[in-house]
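Heads up, query_37.cif below (mmCIF, C-alpha atoms):
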```cif
data_input
#
loop_
_atom_site.label_atom_id
_atom_site.label_comp_id
_atom_site.auth_asym_id
_atom_site.auth_seq_id
_atom_site.Cartn_x
_atom_site.Cartn_y
_atom_site.Cartn_z
CA MET A 796 140.23 81.15 88.08
CA ARG A 797 142.85 78.56 89.06
CA MET A 798 144.86 77.05 86.22
CA ALA A 799 147.84 74.68 86.05
CA PHE A 800 150.39 74.52 83.23
CA GLY A 801 153.09 71.96 82.54
CA PRO A 802 154.61 69.80 79.78
CA THR A 803 153.08 66.51 81.02
CA LEU A 804 149.92 65.36 82.76
CA ASN A 805 151.94 64.65 85.91
CA THR A 806 153.10 68.26 86.12
CA ILE A 807 149.55 69.62 86.03
CA ASN A 808 148.06 67.15 88.50
CA ILE A 809 146.99 69.84 90.97
CA PRO A 810 143.77 69.61 93.02
CA ASP A 811 140.90 72.05 92.57
CA CYS A 812 142.06 73.50 89.24
CA ASP A 813 139.46 75.04 86.95
CA GLN A 814 141.60 74.34 83.90
CA ASN A 815 144.67 72.21 83.16
CA VAL A 816 146.81 73.06 80.12
CA LEU A 817 149.72 71.15 78.58
CA LEU A 818 152.64 73.35 77.54
CA PHE A 819 154.37 72.74 74.21
CA CYS A 820 151.86 70.03 73.35
CA HIS A 821 149.15 69.44 70.79
CA SER A 822 145.51 69.03 71.77
CA SER A 823 144.28 65.51 72.35
CA SER A 824 141.11 64.25 70.72
CA SER A 825 140.70 61.78 73.59
CA ASN A 826 140.86 64.34 76.42
CA LYS A 827 139.06 67.53 75.53
CA ALA A 828 139.00 68.68 79.17
CA VAL A 829 142.74 69.35 79.11
CA GLY A 830 143.94 72.32 77.09
CA ALA A 831 147.13 72.50 75.05
CA VAL A 832 149.36 75.28 73.77
CA GLY A 833 152.65 75.75 71.93
CA GLY A 834 152.98 72.33 70.31
CA THR A 835 153.64 73.57 66.78
CA LEU A 836 155.96 76.28 68.05
CA LYS A 837 158.10 73.68 69.85
CA ASP A 838 158.12 71.46 66.76
CA ILE A 839 159.42 74.33 64.57
CA ILE A 840 162.27 75.18 66.94
CA LEU A 841 163.37 71.58 67.51
CA ARG A 842 163.10 70.65 63.84
CA LYS A 843 165.38 73.54 62.88
CA LYS A 844 167.84 72.51 65.64
CA PHE A 845 167.83 75.97 67.18
CA VAL A 846 169.05 76.27 70.77
CA ALA A 847 167.48 78.85 73.08
CA ASP A 848 168.59 79.84 76.57
CA PRO A 849 166.79 77.59 79.15
CA LYS A 850 165.62 80.80 80.86
CA ALA A 851 164.01 81.85 77.58
CA TRP A 852 162.13 78.53 77.43
CA ASP A 853 160.85 79.30 80.93
CA LEU A 854 159.85 82.84 79.90
CA LEU A 855 157.99 81.41 76.92
CA SER A 856 156.26 78.89 79.22
CA ILE A 857 155.08 81.78 81.40
CA ALA A 858 153.93 83.85 78.43
CA LEU A 859 152.00 80.92 76.92
CA SER A 860 150.35 80.28 80.29
CA VAL A 861 149.33 83.92 80.57
CA ILE A 862 147.86 84.03 77.06
CA CYS A 863 145.85 80.88 77.82
CA ALA A 864 144.50 82.45 81.00
CA ASP A 865 143.59 85.61 79.10
CA LEU A 866 141.70 83.49 76.55
CA ALA A 867 140.02 81.29 79.16
CA GLY A 868 138.84 83.99 81.54
CA HIS A 869 135.35 85.30 80.81
CA ARG A 870 135.09 88.95 81.80
CA ASN A 871 131.28 88.89 81.86
CA LYS A 872 131.44 86.29 84.65
CA SER A 873 133.52 88.50 86.95
CA PRO A 874 131.80 90.43 89.78
CA ASP A 875 132.19 93.80 88.04
CA GLY A 876 131.79 92.44 84.51
CA TRP A 877 135.42 93.17 83.66
CA THR A 878 138.13 92.45 86.26
CA ARG A 879 139.17 88.80 86.44
CA THR A 880 141.22 86.95 89.06
CA PHE A 881 143.81 84.38 87.95
CA ASP A 882 145.81 81.96 90.07
CA LEU A 883 148.38 80.26 87.82
CA SER A 884 150.65 77.34 88.68
CA ILE A 885 153.37 77.06 86.02
CA SER A 886 156.04 74.41 85.61
CA VAL A 887 159.46 75.91 84.80
CA ALA A 888 162.96 74.48 84.68
CA ASP A 889 164.24 76.78 87.43
CA PRO A 890 161.51 77.83 89.90
CA HIS A 891 164.14 79.23 92.29
CA LEU A 892 165.03 81.84 89.66
CA TRP A 893 161.46 82.86 88.87
CA THR A 894 159.81 82.88 92.29
CA PRO A 895 161.67 85.99 93.57
CA ASN A 896 160.75 87.80 90.35
CA ALA A 897 157.05 86.94 90.35
CA GLY A 898 156.20 90.44 91.56
CA ILE A 899 157.65 92.06 88.43
CA ILE A 900 155.55 89.79 86.21
CA ILE A 901 152.42 90.39 88.29
CA ASP A 902 152.87 94.17 88.06
CA LEU A 903 153.36 93.89 84.30
CA LEU A 904 150.26 91.74 83.87
CA ALA A 905 148.13 93.98 86.06
CA TYR A 906 149.13 96.99 83.97
CA LEU A 907 148.44 95.15 80.72
CA THR A 908 145.14 93.50 81.57
CA THR A 909 143.64 95.33 84.61
CA ASP A 910 143.15 91.85 86.14
CA ARG A 911 144.41 90.35 89.41
CA TRP A 912 147.15 87.73 89.12
CA THR A 913 148.87 85.23 91.40
CA LEU A 914 151.77 83.15 90.09
CA GLU A 915 153.29 79.97 91.50
CA PHE A 916 156.33 78.37 89.88
CA ARG A 917 156.80 74.62 90.13
CA PRO A 918 159.63 72.36 88.88
CA ASN A 919 159.82 70.01 85.88
CA GLY A 920 159.31 72.60 83.18
CA PHE A 921 160.11 71.98 79.54
CA SER A 922 163.85 72.11 78.78
CA PRO A 923 164.98 70.30 75.61
CA ALA A 924 168.44 68.79 75.24
CA ILE A 925 170.89 70.44 72.84
CA PRO A 926 170.59 68.58 69.52
CA PRO A 927 173.46 67.13 67.51
CA LYS A 928 174.83 69.79 65.16
CA PRO A 929 172.89 72.71 66.67
CA VAL A 930 172.14 75.75 64.53
CA TYR A 931 172.87 79.28 65.76
CA PRO A 932 171.50 81.96 63.37
CA GLN A 933 174.01 84.57 62.23
CA GLU A 934 171.69 87.61 62.21
CA ASP A 935 172.81 90.45 64.48
CA CYS A 936 169.47 91.55 66.01
CA VAL A 937 165.81 90.55 66.25
CA MET A 938 162.78 92.48 65.01
CA LEU A 939 159.10 91.88 65.66
CA LEU A 940 157.38 91.99 62.26
CA SER A 941 153.61 92.26 62.56
CA GLY A 942 152.61 93.10 59.00
CA GLY A 943 151.67 96.57 60.21
CA LEU A 944 152.93 99.90 58.91
CA ASP A 945 155.19 100.70 61.86
CA SER A 946 157.10 97.42 61.80
CA LEU A 947 157.41 97.84 58.02
CA VAL A 948 159.09 101.24 58.49
CA GLY A 949 161.28 99.76 61.21
CA LEU A 950 162.41 96.90 58.98
CA ILE A 951 163.18 99.23 56.08
CA ASP A 952 165.18 101.55 58.32
CA LYS A 953 167.22 98.85 60.05
CA VAL A 954 168.09 97.06 56.80
CA THR A 955 169.04 100.42 55.24
CA GLU A 956 171.30 101.07 58.23
CA GLY A 957 173.09 97.79 57.51
CA ARG A 958 171.58 95.71 60.30
CA LYS A 959 170.77 92.04 59.71
CA PRO A 960 167.54 91.35 61.59
CA LEU A 961 166.04 87.96 62.31
CA MET A 962 162.34 88.69 61.87
CA VAL A 963 159.76 87.19 64.23
CA SER A 964 156.02 87.25 63.57
CA GLN A 965 152.92 86.09 65.39
CA THR A 966 151.00 84.36 62.61
CA VAL A 967 147.58 85.97 62.33
CA ARG A 968 145.10 85.37 59.55
CA GLY A 969 145.03 88.46 57.35
CA ASP A 970 148.58 89.50 58.29
CA ALA A 971 150.62 86.36 57.52
CA LYS A 972 150.84 87.11 53.79
CA ASN A 973 152.07 90.67 54.42
CA GLN A 974 154.63 89.42 56.93
CA CYS A 975 156.12 87.10 54.30
CA LEU A 976 155.95 89.78 51.60
CA PHE A 977 157.82 92.35 53.69
CA ALA A 978 160.36 89.82 54.96
CA SER A 979 161.17 88.49 51.49
CA ASN A 980 161.27 91.85 49.70
CA ILE A 981 163.00 93.96 52.34
CA GLY A 982 164.78 91.52 54.63
CA THR A 983 166.07 89.45 51.72
CA GLY A 984 168.34 86.65 52.85
CA PHE A 985 167.52 86.99 56.53
CA LEU A 986 165.65 84.41 58.59
CA HIS A 987 161.94 84.94 59.20
CA LEU A 988 160.09 82.90 61.82
CA GLN A 989 156.29 82.90 61.93
CA LEU A 990 155.12 81.53 65.26
CA ASN A 991 151.72 80.85 66.77
CA HIS A 992 150.63 79.74 70.21
CA ASN A 993 147.87 77.50 68.76
CA ALA A 994 146.07 77.48 72.10
CA GLU A 995 143.28 74.92 72.38
CA LEU A 996 141.03 75.46 75.40
CA PRO A 997 137.70 73.84 76.26
CA ASN A 998 135.67 77.03 76.75
CA PRO A 999 137.50 80.20 75.66
CA GLU A 1000 136.04 83.67 75.94
CA ASN A 1001 134.44 84.80 72.68
CA PRO A 1002 135.40 87.31 71.50
CA PRO A 1003 138.64 87.26 73.51
CA SER A 1004 140.00 90.47 75.03
CA GLN A 1005 143.64 89.39 74.53
CA ARG A 1006 145.01 92.32 76.51
CA ALA A 1007 147.95 90.16 77.61
CA ARG A 1008 149.08 89.34 74.10
CA SER A 1009 152.07 91.68 74.11
CA ILE A 1010 153.84 89.61 76.77
CA LEU A 1011 153.75 86.71 74.30
CA PHE A 1012 155.01 88.84 71.38
CA LEU A 1013 157.88 90.07 73.53
CA ALA A 1014 158.60 86.56 74.79
CA TYR A 1015 158.84 85.34 71.19
CA GLY A 1016 161.38 88.04 70.41
CA VAL A 1017 163.45 87.39 73.53
CA PHE A 1018 163.32 83.65 72.97
CA VAL A 1019 164.58 83.98 69.39
CA ALA A 1020 167.25 86.51 70.41
CA THR A 1021 168.82 83.91 72.72
CA MET A 1022 169.22 81.53 69.75
CA LEU A 1023 171.60 83.84 67.87
CA SER A 1024 175.27 83.07 67.48
CA ASP A 1025 176.10 86.51 68.90
CA TYR A 1026 174.10 85.75 72.04
CA LYS A 1027 175.95 82.49 72.51
CA ALA A 1028 179.20 84.48 72.20
CA GLY A 1029 178.13 86.68 75.11
CA LYS A 1030 176.97 89.75 73.17
CA ARG A 1031 173.91 91.78 74.16
CA ILE A 1032 171.20 91.43 71.52
CA SER A 1033 168.84 94.24 70.44
CA LEU A 1034 165.15 93.31 70.16
CA TYR A 1035 163.40 95.99 68.08
CA VAL A 1036 159.73 96.60 68.81
CA CYS A 1037 158.72 99.33 66.36
CA GLU A 1038 155.61 101.35 67.20
CA ASN A 1039 154.79 105.02 66.78
CA GLY A 1040 154.82 106.84 70.10
CA PHE A 1041 151.21 108.05 69.96
CA ILE A 1042 149.76 104.54 69.76
CA ALA A 1043 152.36 103.24 72.22
CA ILE A 1044 151.41 105.57 75.08
CA ASN A 1045 147.68 104.90 74.63
CA PRO A 1046 146.36 108.41 75.40
CA PRO A 1047 142.68 108.54 76.43
CA LEU A 1048 140.88 110.58 73.83
CA THR A 1049 138.40 111.97 76.35
CA GLY A 1050 137.97 112.13 80.10
CA ALA A 1051 135.36 109.41 79.80
CA ARG A 1052 137.86 107.31 77.83
CA ILE A 1053 135.36 106.92 74.96
CA GLY A 1054 137.04 105.24 72.03
CA SER A 1055 140.41 104.98 73.79
CA LEU A 1056 142.74 102.19 72.79
CA SER A 1057 142.01 98.90 74.50
CA THR A 1058 145.59 97.69 74.87
CA ARG A 1059 148.98 98.87 76.11
CA THR A 1060 150.99 96.54 73.94
CA THR A 1061 154.09 98.73 73.54
CA HIS A 1062 153.55 101.28 76.29
CA PRO A 1063 156.87 102.49 77.78
CA VAL A 1064 155.85 101.03 81.15
CA VAL A 1065 155.32 97.60 79.59
CA LEU A 1066 158.67 97.63 77.83
CA SER A 1067 160.41 98.94 80.97
CA LYS A 1068 158.88 96.22 83.14
CA MET A 1069 159.84 93.52 80.67
CA GLN A 1070 163.37 94.91 80.48
CA GLN A 1071 163.56 94.91 84.27
CA LEU A 1072 162.55 91.25 84.30
CA LEU A 1073 165.14 90.30 81.67
CA ASP A 1074 167.88 92.09 83.60
CA GLU A 1075 166.90 90.41 86.86
CA ILE A 1076 166.89 86.87 85.46
CA GLY A 1077 170.05 87.38 83.41
CA ILE A 1078 168.84 87.32 79.80
CA ASN A 1079 171.19 89.54 77.80
CA VAL A 1080 168.60 91.16 75.50
CA ASN A 1081 167.79 94.86 75.18
CA ILE A 1082 164.24 95.86 74.16
CA GLU A 1083 164.17 98.99 72.00
CA ASN A 1084 161.42 101.05 70.38
CA PRO A 1085 163.34 103.43 68.09
CA TYR A 1086 160.16 105.42 67.39
CA ARG A 1087 158.89 106.13 70.91
CA PHE A 1088 159.16 109.90 70.25
CA LYS A 1089 157.80 109.80 66.67
CA THR A 1090 154.27 110.07 65.35
CA LYS A 1091 153.21 107.66 62.63
CA GLY A 1092 153.33 110.46 60.09
CA GLU A 1093 156.87 111.35 61.13
CA MET A 1094 157.89 107.70 60.83
CA MET A 1095 156.67 107.62 57.25
CA ALA A 1096 158.12 111.01 56.29
CA GLU A 1097 161.53 110.16 57.76
CA CYS A 1098 161.75 106.55 56.55
CA GLN A 1099 165.24 106.04 55.13
CA GLU A 1100 164.17 104.28 51.92
CA GLN A 1101 161.14 106.11 50.54
CA ASN A 1102 160.76 104.04 47.38
CA GLN A 1103 160.42 100.80 49.35
CA LEU A 1104 157.94 102.41 51.72
CA PHE A 1105 155.85 103.74 48.83
CA GLN A 1106 155.82 100.28 47.26
CA HIS A 1107 154.57 98.50 50.39
CA ALA A 1108 152.86 100.99 52.71
CA SER A 1109 149.31 100.56 51.43
CA LYS A 1110 149.61 96.76 51.74
CA SER A 1111 150.28 96.94 55.49
CA THR A 1112 147.63 96.40 58.17
CA SER A 1113 146.64 98.85 60.91
CA CYS A 1114 142.91 98.38 61.58
CA GLY A 1115 141.71 97.38 65.03
CA ARG A 1116 138.70 95.67 63.45
CA PHE A 1117 140.42 94.10 60.45
CA LYS A 1118 138.93 90.63 60.92
CA GLN A 1119 135.49 91.99 61.78
CA PHE A 1120 135.34 93.82 58.43
CA GLY A 1121 136.32 90.86 56.30
CA TYR A 1122 140.06 91.57 56.46
CA LYS A 1123 139.60 95.13 55.26
CA HIS A 1124 140.40 98.39 57.04
CA CYS A 1125 137.25 99.85 58.60
CA GLY A 1126 138.58 103.38 58.06
CA ARG A 1127 137.18 104.87 61.26
CA CYS A 1128 138.67 103.10 64.31
CA LEU A 1129 141.46 104.97 66.06
CA PRO A 1130 144.29 102.91 64.49
CA CYS A 1131 142.75 103.62 61.07
CA LEU A 1132 142.48 107.34 61.87
CA VAL A 1133 146.13 107.44 62.96
CA ARG A 1134 147.10 105.58 59.78
CA ARG A 1135 145.11 107.86 57.48
CA ALA A 1136 146.48 110.93 59.25
CA ALA A 1137 150.01 109.59 58.77
CA PHE A 1138 149.49 109.13 55.03
CA LEU A 1139 148.17 112.70 54.86
CA LYS A 1140 151.27 114.07 56.60
CA TRP A 1141 153.49 111.89 54.41
CA GLY A 1142 151.91 113.47 51.35
CA LYS A 1143 151.75 110.29 49.27
CA THR A 1144 148.68 108.49 47.87
CA ASP A 1145 146.96 106.13 50.28
CA ASP A 1146 145.75 103.15 48.25
CA THR A 1147 144.42 101.30 51.32
CA ARG A 1148 140.88 100.03 50.84
CA TYR A 1149 138.71 101.50 53.62
CA VAL A 1150 135.17 100.25 54.23
CA ARG A 1151 134.22 103.69 55.60
CA LYS A 1152 136.20 106.33 53.75
CA ASP A 1153 134.12 109.52 53.65
CA LEU A 1154 133.90 110.21 57.39
CA GLY A 1155 132.37 113.64 56.81
CA ARG A 1156 129.07 112.22 55.59
CA ASP A 1157 126.08 113.42 57.63
CA ASP A 1158 123.87 110.35 57.78
CA PRO A 1159 122.97 107.74 60.44
CA ASP A 1160 125.41 105.18 59.02
CA TYR A 1161 128.37 107.47 59.79
CA ALA A 1162 127.13 109.59 62.70
CA GLY A 1163 127.68 106.98 65.41
CA PHE A 1164 131.38 106.30 64.98
CA ASP A 1165 132.70 106.41 68.54
CA ASP A 1166 136.37 106.80 67.65
CA VAL A 1167 135.71 109.64 65.22
CA ARG A 1168 133.49 111.46 67.70
CA SER A 1169 135.94 110.78 70.53
CA SER A 1170 138.80 112.16 68.47
CA LEU A 1171 136.90 115.40 67.94
CA MET A 1172 136.10 115.58 71.65
CA GLY A 1173 139.71 114.78 72.59
CA ILE A 1174 141.06 117.55 70.36
CA GLU A 1175 138.72 120.09 71.94
CA GLU A 1176 139.40 118.84 75.49
CA CYS A 1177 143.13 119.14 74.91
CA LYS A 1178 142.73 122.73 73.74
CA GLU A 1179 140.51 123.57 76.71
CA LEU A 1180 142.40 121.75 79.48
CA GLY A 1181 145.92 121.85 78.14
CA LEU A 1182 148.04 118.91 77.04
CA ALA A 1183 149.26 117.84 80.49
CA LYS A 1184 145.76 117.58 81.96
CA TRP A 1185 144.42 115.89 78.84
CA LEU A 1186 147.09 113.20 79.06
CA GLY A 1187 146.35 112.68 82.75
CA PRO A 1188 148.17 109.63 84.18
CA THR A 1189 149.10 108.24 80.74
CA ILE A 1190 152.83 108.94 81.16
CA SER A 1191 152.97 109.65 84.91
CA SER A 1192 154.82 106.45 85.86
CA PRO A 1193 158.23 106.93 87.53
CA LEU A 1194 159.49 104.32 85.05
CA ILE A 1195 159.18 106.97 82.32
CA SER A 1196 162.04 109.47 82.36
CA ASP A 1197 161.42 111.35 79.10
CA LYS A 1198 157.99 112.77 79.85
CA GLY A 1199 158.62 116.07 78.07
CA ASP A 1200 159.55 114.41 74.79
CA LEU A 1201 156.51 112.11 75.04
CA ARG A 1202 154.18 115.05 75.71
CA ASP A 1203 155.50 116.89 72.67
CA MET A 1204 155.05 113.79 70.54
CA ALA A 1205 151.48 113.30 71.81
CA GLN A 1206 150.59 116.85 70.81
CA ARG A 1207 151.99 116.33 67.32
CA GLY A 1208 150.11 113.02 67.03
CA LEU A 1209 146.85 114.69 68.01
CA ASN A 1210 147.55 117.46 65.50
CA GLU A 1211 147.92 114.87 62.73
CA ILE A 1212 144.48 113.43 63.56
CA GLU A 1213 142.99 116.93 63.63
CA GLN A 1214 144.37 117.70 60.17
CA LEU A 1215 142.83 114.47 58.86
CA LEU A 1216 139.39 115.30 60.28
CA ILE A 1217 139.60 118.81 58.85
CA SER A 1218 140.51 117.42 55.43
CA LEU A 1219 137.54 115.03 55.57
CA LYS A 1220 135.21 117.88 56.73
CA VAL A 1221 134.23 115.98 59.87
CA LYS A 1222 132.21 118.13 62.25
#
```
Mind turning this structure into structure tokens?
Amino acid sequence: MRMAFGPTLNTINIPDCDQNVLLFCHSSSSNKAVGAVGGTLKDIILRKKFVADPKAWDLLSIALSVICADLAGHRNKSPDGWTRTFDLSISVADPHLWTPNAGIIIDLLAYLTTDRWTLEFRPNGFSPAIPPKPVYPQEDCVMLLSGGLDSLVGLIDKVTEGRKPLMVSQTVRGDAKNQCLFASNIGTGFLHLQLNHNAELPNPENPPSQRARSILFLAYGVFVATMLSDYKAGKRISLYVCENGFIAINPPLTGARIGSLSTRTTHPVVLSKMQQLLDEIGINVNIENPYRFKTKGEMMAECQEQNQLFQHASKSTSCGRFKQFGYKHCGRCLPCLVRRAAFLKWGKTDDTRYVRKDLGRDDPDYAGFDDVRSSLMGIEECKELGLAKWLGPTISSPLISDKGDLRDMAQRGLNEIEQLLISLKVK
């Protein structure tokens, strides 16, 4: 699929494109054939008179282009029913900077999406002028705040440590309210930005796979980090991406990968590749996951302000099928199992409303839960094969240096799930 992206019609006037998309523009009622993305996001930043590094605007342009491609590409139309091929032409302010680094981005995207990517960078990208009386936020770090339990723990811990995070959220229906609640109650007095790509495409995939979405989340965080006063002063900014290590490494539950996680949003390889890109292009931001060696249960048990966690934990969102179940936790997908296991280890009451709570029931309505069955199979396979063979290539990348610590964490994470299934009398 060949797609062209740029801030004006002239910049996307490329022959033989399957889809043209305007960057940082709103959709046009008069030209439905041309897509649009990022218009509201641009309006928010310019209205607040924030100033981001021009390289961060380019990174955001690339990330928005990638998310549009991910939404536009129909997997069922590919030769194997899954792997897609994308050829993207993207307008950036400095193509000479990005062209030599295209390989890093392509490797990152291939790992995230299992698709094939080609990237071409063209001139005339979006680069706004510095406004009169620009505003440079005074916060000392940036934190991605999803509305989930892990980012909640991360926010509580960093604020307790005395950090002053600028919180960045991807606005998602069902999570937006929690994002505001956590930001206002825990990050009191600090800036909170809720951003959305607002992509409008003529014929998007439905439902979308969105495997590339983490590159956009990370781009949001990097983009905002370059707006800080400390960044302008030449300081290196920490971007905190808080995720428990078990979910981050995406271990296959069984050899057949039944019920395995569908994304690698915060996998160490993804964060390492993104960090490599930032270092190569000269953006002075450091991506950190403080919980890469912690299970979700350990995150909760070791949270530095237990009263705040107890007050908010059950309000957070973890479910992989939250929207599908009417913005309720299904109770039996892998993220829900990890969440429920974490509450069990924590030892506090879980007031989350689960659609399927009693997983030990022996009836047809409960018997076919792939993730529950796969968890049982994964636990037994790990015991039979040993942890290293069970993990397989999950953490084999040379980009990962702390394999022993990650293996130990994976075993503890699997143990937490096993204790949950035992407590629910799942057989």
Near Asp1197 (chain A), counting all atoms listed in the file, which residues have an atom at most 12 Å away, once you skip same-chain residues fewer than 6 positions from it, shown as a short mmCIF file (atom, residue, chain, number, x, y, z; two decimals) with C-alpha atoms, in the coordinates of the input?
```cif
data_model
loop_
_atom_site.label_atom_id
_atom_site.label_comp_id
_atom_site.auth_asym_id
_atom_site.auth_seq_id
_atom_site.Cartn_x
_atom_site.Cartn_y
_atom_site.Cartn_z
CA PRO A 1063 156.87 102.49 77.78
CA VAL A 1064 155.85 101.03 81.15
CA ARG A 1087 158.89 106.13 70.91
CA PHE A 1088 159.16 109.90 70.25
CA ILE A 1190 152.83 108.94 81.16
CA SER A 1191 152.97 109.65 84.91
CA ASP A 1203 155.50 116.89 72.67
CA MET A 1204 155.05 113.79 70.54
#
```
>> As an exercise, work out the distance from CA of Ile807 (chain A) to CA of Leu859 (chain A) in Å and give it to one decimal place.
In response: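 Value for the CA of Ile807 (chain A)-CA of Leu859 (chain A) distance: 14.7 Å.
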>> Counting only C-alpha atoms, which residue out of A:Thr983, A:Thr909, A:Gln814, A:Thr1049 sits closest to Cys1177 (chain A)?
In response: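 Nearest candidate to Cys1177 (chain A) out of A:Thr983, A:Thr909, A:Gln814, A:Thr1049: A:Thr1049.
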>> Rounded to one decimal, what separation in Å do you get between CA of Gln1071 (chain A) and CA of Leu940 (chain A)?
In response: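 Value for the CA of Gln1071 (chain A)-CA of Leu940 (chain A) distance: 23.0 Å.
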> Restricting the calculation to all atoms listed in the file, which member of A:Phe1018, A:Lys972, A:His891, A:Cys1125 is positioned closest to Leu1073 (chain A)?
Replying inline: A:Phe1018
> How many Å separate CA of Asn1081 (chain A) from CA of Tyr1035 (chain A)?
Replying inline: 8.4 Å
>> I'd like to see the residues matched by the PyMOL selection byres ((chain A and resi 1084) around 10) on this file, and ideally I'd get them as a ChimeraX atom specification.
In response: /A:949,1034-1040,1043,1061-1063,1066,1082-1083,1085-1088
> If the PyMOL selection byres ((chain A and resi 1077) around 12) is run on the structure shown, which residues does it catch, given as a VMD selection string?
Replying inline: chain A and resid 848 to 851 854 892 to 893 896 1017 1021 1029 1031 1070 to 1076 1078 to 1081
> Which is closer to Leu1129 (chain A) than all the others in A:Asp865, A:Asp1165, A:Asp1025, A:Asp945, using only C-alpha atoms?
Replying inline: A:Asp1165
>> Quick one: residues within 12 Å of Pro927 (chain A), all atoms listed in the file, excluding same-chain residues fewer than 4 positions away - as a PyMOL selection string?
In response: chain A and resi 841-846
>> List the spatial neighbours of region 1179-1186 of chain A as a PyMOL selection string - criterion: any atom at most 8 Å away, only C-alpha atoms, same-chain residues fewer than 4 positions off excluded.
In response: chain A and resi 1046-1047+1049-1050+1173+1175+1190+1202+1206
Can you put N, CA and C atoms back into region 1119-1134 of chain A and show it as an mmCIF file, in the coordinates of the input?
```cif
data_model
loop_
_atom_site.group_PDB
_atom_site.id
_atom_site.type_symbol
_atom_site.label_atom_id
_atom_site.label_comp_id
_atom_site.auth_asym_id
_atom_site.auth_seq_id
_atom_site.Cartn_x
_atom_site.Cartn_y
_atom_site.Cartn_z
ATOM 1 N N GLN A 1119 136.930 91.719 61.711
ATOM 2 C CA GLN A 1119 135.490 91.990 61.780
ATOM 3 C C GLN A 1119 134.942 92.506 60.452
ATOM 4 N N PHE A 1120 135.775 93.237 59.701
ATOM 5 C CA PHE A 1120 135.340 93.820 58.430
ATOM 6 C C PHE A 1120 135.848 93.028 57.225
ATOM 7 N N GLY A 1121 135.951 91.715 57.415
ATOM 8 C CA GLY A 1121 136.320 90.860 56.300
ATOM 9 C C GLY A 1121 137.732 91.071 55.819
ATOM 10 N N TYR A 1122 138.651 91.333 56.766
ATOM 11 C CA TYR A 1122 140.060 91.570 56.460
ATOM 12 C C TYR A 1122 140.250 92.779 55.550
ATOM 13 N N LYS A 1123 139.472 93.823 55.880
ATOM 14 C CA LYS A 1123 139.600 95.130 55.260
ATOM 15 C C LYS A 1123 139.704 96.177 56.376
ATOM 16 N N HIS A 1124 140.327 97.299 56.085
ATOM 17 C CA HIS A 1124 140.400 98.390 57.040
ATOM 18 C C HIS A 1124 139.024 99.053 57.173
ATOM 19 N N CYS A 1125 138.571 99.225 58.413
ATOM 20 C CA CYS A 1125 137.250 99.850 58.600
ATOM 21 C C CYS A 1125 137.293 101.322 58.220
ATOM 22 N N GLY A 1126 138.432 101.979 58.447
ATOM 23 C CA GLY A 1126 138.580 103.380 58.060
ATOM 24 C C GLY A 1126 138.225 104.367 59.138
ATOM 25 N N ARG A 1127 137.649 103.903 60.277
ATOM 26 C CA ARG A 1127 137.180 104.870 61.260
ATOM 27 C C ARG A 1127 137.502 104.505 62.701
ATOM 28 N N CYS A 1128 138.179 103.367 62.960
ATOM 29 C CA CYS A 1128 138.670 103.100 64.310
ATOM 30 C C CYS A 1128 139.896 103.967 64.558
ATOM 31 N N LEU A 1129 140.328 104.087 65.788
ATOM 32 C CA LEU A 1129 141.460 104.970 66.060
ATOM 33 C C LEU A 1129 142.724 104.554 65.319
ATOM 34 N N PRO A 1130 143.106 103.261 65.288
ATOM 35 C CA PRO A 1130 144.290 102.910 64.490
ATOM 36 C C PRO A 1130 144.154 103.306 63.023
ATOM 37 N N CYS A 1131 142.952 103.192 62.463
ATOM 38 C CA CYS A 1131 142.750 103.620 61.070
ATOM 39 C C CYS A 1131 142.890 105.137 60.937
ATOM 40 N N LEU A 1132 142.359 105.886 61.917
ATOM 41 C CA LEU A 1132 142.480 107.340 61.870
ATOM 42 C C LEU A 1132 143.949 107.764 61.946
ATOM 43 N N VAL A 1133 144.704 107.121 62.837
ATOM 44 C CA VAL A 1133 146.130 107.440 62.960
ATOM 45 C C VAL A 1133 146.844 107.100 61.656
ATOM 46 N N ARG A 1134 146.483 105.977 61.045
ATOM 47 C CA ARG A 1134 147.100 105.580 59.780
ATOM 48 C C ARG A 1134 146.782 106.589 58.672
#
```
